[in-house]
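S.K.: Sharing a structure below in structure tokens format, with a few things to ask.
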Amino acid sequence: MALDTTTAGMAIDASEPPPPHKHPYHLVDPSPWPLLSAFSAGALLFGIVLWAHYNIHWMFGVGLVGTLASATLWWRDVVRESKQPGVHTPIVRIGMRYGMSLFIASEVMFFVAFFWAYFHFALYPEHVAGAETAIWPPKGIHTFDPFGLPFLNTMILLLSGCTVTWAHHSLIEGDRKGMLQGLAITVVLGLFFTFLQAVEYSEAPFAFSGGGIYPSTFFLATGFHGFHVIVGTLFLLVCLIRAWGGDFTPKRHFGFEAAAWYWHFVDVVWLFLFICIYLFGAGEIAQH
């Protein structure tokens with residue numbers, strides 16, 4: 001691959017159009033979306049608090065609509081920006097990879113908090129307030145059969161990790177058909193996982209509200225993972241639409257690469273959830 005040296009002394013791909021500036025770095029245009037996203041996310045969080053404590057719903061709706069709208073419009077601008085010749089230079093794409101890596105690292109710590117809460121009470125059940133006996137799961141809690149729906153969902157996510165990898169390698173090798181097929185199957189598997197988790201929740205032998213510490217840690221950990229699956233499915237669906245429109249090439253496809261990283265992260269988190277909560281944390285199995 002032919003390389004040129006920029007005025008900053010860094011190598012760039014000579015086959016790409018030159019950047020619009022005298023440097024290969026990223027200068028974003030003024031945008032209202034960061035500020036709107038911040039206010040919308042704040043309203044969403046405040047709305048969750050109002051809903052949980054006072055049964056007031058409207059703030060949650062405002063925050064949700066604002067967050068979805070600002071995120072959609074912001075990502076639309078990023079996609080448009082990526083299509084402008086010379087804007088997303090190799091150096092810019094490196095920065096994006098660092099950004100996505102740090103975002104996934106922050107998501108890891110997000111789930112560490114839930115695992116920390118779960119293991120605190122699982123390893124020290126005497127800390128459970130009001131517990132008659134120091135056992136985990138607490139007395140009276142019936143858990144899921146780990147080799148029922150949880151195991152099926154585990155197989156679905158592991159298979160989806162294979163299909164998204166298939167799509168990625170097909171893209172790199174210039175196999176458009178394989179890329180589209182792999183992405184489409186991954187999206188379908190993500191939707192199927194979400195459907196089965198909804199079925200699982202509907203059959204849960206314990207309730208989130210007033211059920212104690214076990215349902216709280218269970219629904220928070222698995223529920224937020226389910227939310228991440230929904231986000232990852234939407235991420236991959238957008239990539240599928242963009243791939244169908246020809247936005248990705250074997251050399252320029254960071255949007256898809258970021259989606260694949262995120263999806264693999266979701267897979268790994270689920271493996272930990274399955275092993276720690278469903279398998280080793282199983283108590284008396286509920287009968288359906």
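Labels for the structure tokens follow display order: chains A, B, ..., residues from 1 in each chain, ligands from 1.
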Quick one: residues within 12 Å of Ser216 (chain A), only C-alpha atoms counted, chain neighbours fewer than 6 positions away excluded, as a compact mmCIF listing (two decimals) with all heavy atoms, in the first residue's frame?

M.R.:
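The resulting result16.txt:
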# COMPACT_ATOMS: atom_id res chain seq x y z
N PHE A 114 -22.83 -4.52 38.99
CA PHE A 114 -23.92 -5.48 39.22
C PHE A 114 -23.38 -6.82 39.74
O PHE A 114 -23.97 -7.43 40.65
CB PHE A 114 -24.71 -5.70 37.93
CG PHE A 114 -25.42 -4.46 37.46
CD1 PHE A 114 -25.27 -4.03 36.15
CD2 PHE A 114 -26.23 -3.73 38.30
CE1 PHE A 114 -25.92 -2.89 35.70
CE2 PHE A 114 -26.88 -2.59 37.87
CZ PHE A 114 -26.73 -2.17 36.56
N PHE A 115 -22.28 -7.27 39.16
CA PHE A 115 -21.68 -8.51 39.65
C PHE A 115 -21.18 -8.33 41.09
O PHE A 115 -21.28 -9.26 41.90
CB PHE A 115 -20.53 -8.94 38.74
CG PHE A 115 -20.98 -9.63 37.48
CD1 PHE A 115 -20.93 -8.97 36.26
CD2 PHE A 115 -21.44 -10.93 37.52
CE1 PHE A 115 -21.34 -9.61 35.10
CE2 PHE A 115 -21.85 -11.57 36.36
CZ PHE A 115 -21.81 -10.91 35.15
N ALA A 117 -22.47 -6.38 43.41
CA ALA A 117 -23.63 -6.45 44.30
C ALA A 117 -24.11 -7.89 44.46
O ALA A 117 -24.43 -8.33 45.57
CB ALA A 117 -24.76 -5.58 43.75
N TYR A 118 -24.16 -8.62 43.34
CA TYR A 118 -24.63 -10.00 43.40
C TYR A 118 -23.71 -10.86 44.27
O TYR A 118 -24.17 -11.58 45.17
CB TYR A 118 -24.72 -10.58 41.99
CG TYR A 118 -25.14 -12.03 41.97
CD1 TYR A 118 -26.49 -12.38 42.05
CD2 TYR A 118 -24.20 -13.06 41.89
CE1 TYR A 118 -26.89 -13.71 42.05
CE2 TYR A 118 -24.59 -14.38 41.89
CZ TYR A 118 -25.94 -14.70 41.97
OH TYR A 118 -26.31 -16.01 41.97
N PHE A 121 -23.73 -10.39 48.24
CA PHE A 121 -24.76 -11.09 49.00
C PHE A 121 -24.70 -12.61 48.79
O PHE A 121 -25.08 -13.38 49.68
CB PHE A 121 -26.14 -10.57 48.61
CG PHE A 121 -26.36 -9.15 49.05
CD1 PHE A 121 -26.33 -8.11 48.13
CD2 PHE A 121 -26.57 -8.84 50.38
CE1 PHE A 121 -26.52 -6.80 48.53
CE2 PHE A 121 -26.76 -7.53 50.80
CZ PHE A 121 -26.73 -6.51 49.87
N PHE A 206 -40.33 -15.12 40.69
CA PHE A 206 -40.18 -14.06 41.70
C PHE A 206 -40.43 -12.73 41.01
O PHE A 206 -40.30 -12.59 39.79
CB PHE A 206 -38.78 -14.09 42.34
CG PHE A 206 -37.67 -14.32 41.36
CD1 PHE A 206 -37.21 -13.31 40.53
CD2 PHE A 206 -37.08 -15.57 41.24
CE1 PHE A 206 -36.19 -13.52 39.63
CE2 PHE A 206 -36.06 -15.81 40.33
CZ PHE A 206 -35.61 -14.78 39.53
N ALA A 207 -40.80 -11.73 41.80
CA ALA A 207 -41.14 -10.41 41.27
C ALA A 207 -40.03 -9.42 41.58
O ALA A 207 -39.35 -9.53 42.61
CB ALA A 207 -42.45 -9.91 41.86
N PHE A 208 -39.85 -8.46 40.69
CA PHE A 208 -38.83 -7.43 40.92
C PHE A 208 -39.23 -6.52 42.07
O PHE A 208 -38.44 -6.20 42.94
CB PHE A 208 -38.61 -6.61 39.65
CG PHE A 208 -37.66 -5.45 39.82
CD1 PHE A 208 -36.29 -5.67 39.87
CD2 PHE A 208 -38.13 -4.16 39.96
CE1 PHE A 208 -35.41 -4.62 40.04
CE2 PHE A 208 -37.26 -3.09 40.12
CZ PHE A 208 -35.89 -3.33 40.16
N SER A 209 -40.47 -6.09 42.08
CA SER A 209 -40.95 -5.17 43.10
C SER A 209 -41.30 -5.93 44.37
O SER A 209 -42.16 -6.81 44.37
CB SER A 209 -42.18 -4.41 42.59
OG SER A 209 -42.70 -3.54 43.58
N GLY A 210 -40.62 -5.59 45.45
CA GLY A 210 -40.91 -6.20 46.74
C GLY A 210 -40.42 -7.61 46.89
O GLY A 210 -40.78 -8.29 47.86
N THR A 222 -29.44 -8.96 34.48
CA THR A 222 -29.92 -9.54 33.22
C THR A 222 -30.73 -8.54 32.41
O THR A 222 -30.72 -8.57 31.18
CB THR A 222 -30.77 -10.79 33.50
OG1 THR A 222 -31.90 -10.43 34.30
CG2 THR A 222 -29.95 -11.85 34.22
N GLY A 223 -31.43 -7.64 33.10
CA GLY A 223 -32.23 -6.64 32.39
C GLY A 223 -31.37 -5.64 31.65
O GLY A 223 -31.65 -5.31 30.49
N PHE A 224 -30.31 -5.16 32.29
CA PHE A 224 -29.43 -4.23 31.59
C PHE A 224 -28.67 -4.94 30.48
O PHE A 224 -28.35 -4.33 29.45
CB PHE A 224 -28.47 -3.56 32.57
CG PHE A 224 -29.00 -2.29 33.15
CD1 PHE A 224 -29.40 -2.22 34.47
CD2 PHE A 224 -29.14 -1.15 32.36
CE1 PHE A 224 -29.90 -1.05 35.01
CE2 PHE A 224 -29.64 0.03 32.89
CZ PHE A 224 -30.03 0.08 34.23

S.K.: When you look at region 254-267 of chain A with a cut-off of 10 Å (counting only C-alpha atoms), what residues show up, excluding the ones that are within fewer than 6 positions of it in the same chain? I need them as a PyMOL selection string.

M.R.: chain A and resi 78-79+82+88+93-94+96-97+99-101+103-105+107-108+154+156-162+164-165+167-168+171+183+186+190+225-226+228-229+231-240+242-243+247-248+273

S.K.: Identify all residues of region 29-266 of chain A in alpha helix (DSSP H) (DSSP on the backbone) and supply them as number ranges by chain.

M.R.: A: 33-54, 58-82, 90-123, 149-172, 176-202, 213-244, 254-266

S.K.: Tell me which of A:Val187, A:Ala282, A:Leu180, A:Ile172 sits closest to Lys251 (chain A), counting only C-alpha atoms.

M.R.: A:Ile172

S.K.: Check the smallest atom-to-atom distance from each of A:Pro20, A:Pro150, A:Pro205, A:Pro34 to Ile275 (chain A) using only C-alpha atoms, then report the winner.

M.R.: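 Closest residue, counting only C-alpha atoms: A:Pro150.
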
S.K.: Please measure the separation of CA of Ala134 (chain A) and CA of Tyr278 (chain A), giving the value in Å to one decimal.

M.R.: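 So the answer is 19.6 Å.
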
S.K.: Looking at A:Pro250, A:Pro32, A:Gly178, A:Pro18, which one is nearest to Pro85 (chain A), with distances taken over only C-alpha atoms?

M.R.: A:Pro18

S.K.: Measure the distance from CA of Ile277 (chain A) to CA of Phe119 (chain A) in Å and round it to one decimal.

M.R.: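 Computed distance, CA of Ile277 (chain A) to CA of Phe119 (chain A), equals 9.3 Å.
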
S.K.: May I ask for the distance between CA of Cys276 (chain A) and CA of Tyr124 (chain A), given in Å to one decimal place?

M.R.: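 According to the coordinates, CA of Cys276 (chain A) and CA of Tyr124 (chain A) are separated by 15.1 Å.
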
S.K.: Mind listing the strand (DSSP E) residues of region 5-236 of chain A, per DSSP on the backbone, as a compact mmCIF listing (two decimals) with N, CA and C atoms, in the first residue's frame?

M.R.:
# COMPACT_ATOMS: atom_id res chain seq x y z
N THR A 5 3.65 10.93 3.55
CA THR A 5 3.89 11.51 4.86
C THR A 5 3.26 12.89 4.91
N ALA A 11 2.12 8.90 8.56
CA ALA A 11 1.85 8.23 7.29
C ALA A 11 0.35 8.10 7.09
N ILE A 12 -0.11 8.33 5.87
CA ILE A 12 -1.50 8.13 5.50
C ILE A 12 -1.55 7.36 4.20
N ASP A 13 -2.69 6.80 3.91
CA ASP A 13 -2.89 6.02 2.69
C ASP A 13 -3.00 6.95 1.50
N HIS A 142 -37.24 -19.45 44.44
CA HIS A 142 -37.07 -20.52 43.46
C HIS A 142 -36.44 -19.92 42.20
N THR A 143 -35.41 -20.55 41.68
CA THR A 143 -34.66 -20.00 40.56
C THR A 143 -35.00 -20.72 39.26

S.K.: Would you list the contacts of region 36-47 of chain A as an MDAnalysis selection string, taking every protein, DNA or RNA residue within 9 Å and counting only C-alpha atoms, but skipping same-chain residues closer than 4 positions in sequence?

M.R.: chainID A and resid 32 51:52 56:71 74

S.K.: Write a file of the just-selected residues containing C-alpha atoms, as a PDB file, in the first residue's frame.

M.R.:
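part30.pdb, freshly written:
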ATOM      1  CA  PRO A  32     -26.556  20.730  18.944  1.00  0.00           C
ATOM      2  CA  TRP A  51     -41.591   6.492  37.902  1.00  0.00           C
ATOM      3  CA  ALA A  52     -40.038   4.193  40.492  1.00  0.00           C
ATOM      4  CA  ILE A  56     -45.069   9.632  37.452  1.00  0.00           C
ATOM      5  CA  HIS A  57     -44.466   8.603  33.843  1.00  0.00           C
ATOM      6  CA  TRP A  58     -44.343  11.715  31.666  1.00  0.00           C
ATOM      7  CA  MET A  59     -40.734  12.690  32.459  1.00  0.00           C
ATOM      8  CA  PHE A  60     -39.537   9.227  31.459  1.00  0.00           C
ATOM      9  CA  GLY A  61     -41.365   9.570  28.136  1.00  0.00           C
ATOM     10  CA  VAL A  62     -39.855  12.987  27.452  1.00  0.00           C
ATOM     11  CA  GLY A  63     -36.353  11.740  28.279  1.00  0.00           C
ATOM     12  CA  LEU A  64     -36.755   8.596  26.194  1.00  0.00           C
ATOM     13  CA  VAL A  65     -38.030  10.435  23.120  1.00  0.00           C
ATOM     14  CA  GLY A  66     -35.326  13.091  23.455  1.00  0.00           C
ATOM     15  CA  THR A  67     -32.569  10.515  23.884  1.00  0.00           C
ATOM     16  CA  LEU A  68     -33.686   8.435  20.899  1.00  0.00           C
ATOM     17  CA  ALA A  69     -34.137  11.513  18.695  1.00  0.00           C
ATOM     18  CA  SER A  70     -30.794  13.116  19.565  1.00  0.00           C
ATOM     19  CA  ALA A  71     -28.935   9.794  19.223  1.00  0.00           C
ATOM     20  CA  TRP A  74     -26.269  12.557  15.861  1.00  0.00           C
TER      21      TRP A  74
END
